[in-house]
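*Asks:* Before we start, here is the structure in question, set down as C-alpha cells.
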Amino acid sequence: MLAPMKWRYSGLLPWLALASLVVLAPIAFGVPLGYRYIGSRLVSEGRVVFWYWNVDYVEIGPYDVSFVARMHARAVDVNQERPYVAVIRCDSRTYRESGSLAPYVAINEDEPIHAVWRAGCDAGKAVSLAARYARLNAAATVTGGETAPTASNSTGKNTVAATTPVPTAAAPPKVATAAPAPASTPSAASDERRVDRCVKFVEGKASQFGEATLTNTCGFAIEVALCYKGGRGGVYDCPSRAKGMRMESLSPGATHNLPEYRRDRHQGIAVVACKGTMGTVMPLLNGDGGKTGCY
C-alpha cells in the first residue's frame with residue numbers, strides 16, 4: 001500500500017513546483033500579482049515599455065460610462081517601472097490619469113490602453129468583471145494567430161506587441177531584439193524633448209504628504225524621473241536602488257507632493273523632464289552618473 005501512495009505523491013511534485021513558479025514569476029519580473037499583460041510600445045531608440053492591467057479591479061463611474069483602470073508600465077532594459085491609474089470613458093473612447101483635471105485623450109487602436117477600453121466597455125457602457133474576461137478571451141481567440149508587429153515592420157506603427165493578452169509573467173522577448181536607434185536620434189544635450197526647465201521644486205513645511213512639491217510650469221504635459229539627493233538608501237534616494245526612480249506625470253500647471261522627501265534627510269533632487277505623456281516618452285535618470293535623457 002505504501003508503494004502506490006509514495007508514487008502518487010511523488011507524481012504531484014512537478015505540478016507543485018510548476019504552481020510555485022507561476023505564483024512567484026510575477027514577483028521575479030517586478031510585475032504586481034494579478035496584473036495581465038496588454039501590450040507594448042516602442043518609445044525611442046528601440047526602447048520598449050511593457051504594459052499590464054489589473055483586470056480584477058472593478059470601479060465603475062456614474063451612469064456606467066467610465067471605469068478606473070489600474071495599470072503598470074515597465075521599461076525592462078533600464079530597470080524602471082511605475083504604476084499608472086487612468087479613468088477610461090467608454091462613451092467617447094478617451095482616458096486621462098486618475099485625479100487629473102486635464103482634458104481626456106483619445107485612445108488610438110495602436111496603443112496598449114486600447115485593449116483595456118475594448119475589454120472593459122461595450123456599447124458605450126462599462127461592463128462587469130465576468131464580461132471583461134469573456135471579452136478578453138474572445139479577443140485572444142480572434143487574434144491568436146496574428147503575428148505581433150516589431151520595430152522593424154514596415155507598417156510604421158509604434159506598437160511593438162499585439163494586444164492579445166498573455167500570462168502576466170510572460171514578458172515578450174522583444175527587449176533583446178528591438179531595433180537600434182537610427183543615426184539621426186538626437187543626443188541628450190540637443191534633444192528638444194528634454195525640458196528640465198519646466199520643473200519647479202519647492203521645499204515646504206513638515207506634512208503627512210511630504211515636505212516638498214514638484215510643479216510643471218510649462219504649458220504642455222511632461223514626464224518626470226527623479227531621485228532624492230543626500231539620502232542613504234531610502235526609497236527613491238540617489239543613487240537609484242532596485243525600486244528605481246520616482247516617476248511622475250505632470251499636466252500643465254499641475255503640482256504633486258513628494259511624500260518620501262524629508263528636509264532633515266535630503267538635499268534637493270536630481271531630475272530629468274521630458275515633453276510628452278505617459279507612453280509617448282520615457283525619462284531616464286541614472287543616479288550613478290550613467291546615461292540620462294528622453295527615450
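If you're wondering about the labels, chains in the C-alpha cells are A, B, ... by order shown, residues count from 1 in each chain, ligands from 1 in order shown.
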Can you list, as a ChimeraX atom specification, every protein, DNA or RNA residue that comes within 6 Å of stretch 251-264 of chain A when you count only C-alpha atoms, leaving out same-chain residues fewer than 3 positions away?
*Replies:* /A:209-221
*Asks:* Any idea what's packed within 10 Å of A:Gly120, counting only C-alpha atoms, ignoring anything in its chain fewer than 6 positions away? Could you give it as a list in words?
*Replies:*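 With the cut-off at 10 Å, the set is Val55, Val58, Ile60, Ser66, Phe67, Val68, Ala69, Ile88, Arg89, Cys90, His114, Ala126, Val127, Ser128, Leu129, Ala131, Arg132, Tyr133, Arg135 and Leu136 of chain A.
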*Asks:* Which is closest to A:Ser100 among A:Cys294, A:Ile113, A:Gly268, A:Leu250, if we use only C-alpha atoms?
*Replies:* A:Leu250
*Asks:* Can you write out as a tab-separated table which residues of stretch 41-65 of chain A fall within 7 Å of stretch 75-82 of chain A, alongside each residue's closest atom pair and its distance in Å to one decimal, counting only C-alpha atoms and ordering rows by chain and ascending residue number?
*Replies:*
```
residue	atom	partner	partner_atom	distance
A:Val48	CA	A:Ala75	CA	6.0
A:Val49	CA	A:Ala75	CA	4.6
A:Phe50	CA	A:Ala75	CA	6.4
```
*Asks:* Write a file of the just-selected residues containing N, CA, C and O atoms, as a CSV table (one decimal), in the first residue's frame.
*Replies:*
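For reference, again.csv as written:
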```csv
chain,number,residue,atom,x,y,z
A,48,VAL,N,11.6,49.7,-25.2
A,48,VAL,CA,10.3,49.1,-25.2
A,48,VAL,C,9.7,49.3,-23.8
A,48,VAL,O,10.4,49.0,-22.8
A,49,VAL,N,8.4,49.7,-23.7
A,49,VAL,CA,7.7,49.8,-22.4
A,49,VAL,C,6.6,48.8,-22.5
A,49,VAL,O,5.7,48.8,-23.4
A,50,PHE,N,6.6,47.9,-21.5
A,50,PHE,CA,5.6,46.8,-21.4
A,50,PHE,C,4.4,47.3,-20.5
A,50,PHE,O,4.7,48.0,-19.5
```
*Asks:* Considering only C-alpha atoms, can you say which of A:Ser40, A:Ser249, A:Thr292, A:Gln267 comes closest to A:Glu203?
*Replies:* A:Gln267
*Asks:* Of the residues A:Arg47, A:Lys125, A:Lys275, A:Arg265, which is the one nearest to A:Ile222, using only C-alpha atoms?
*Replies:* A:Lys275
*Asks:* With distances taken over only C-alpha atoms, which residue among A:Lys229, A:Arg36, A:Arg193, A:Arg246 lies nearest A:Ala270?
*Replies:* A:Lys229
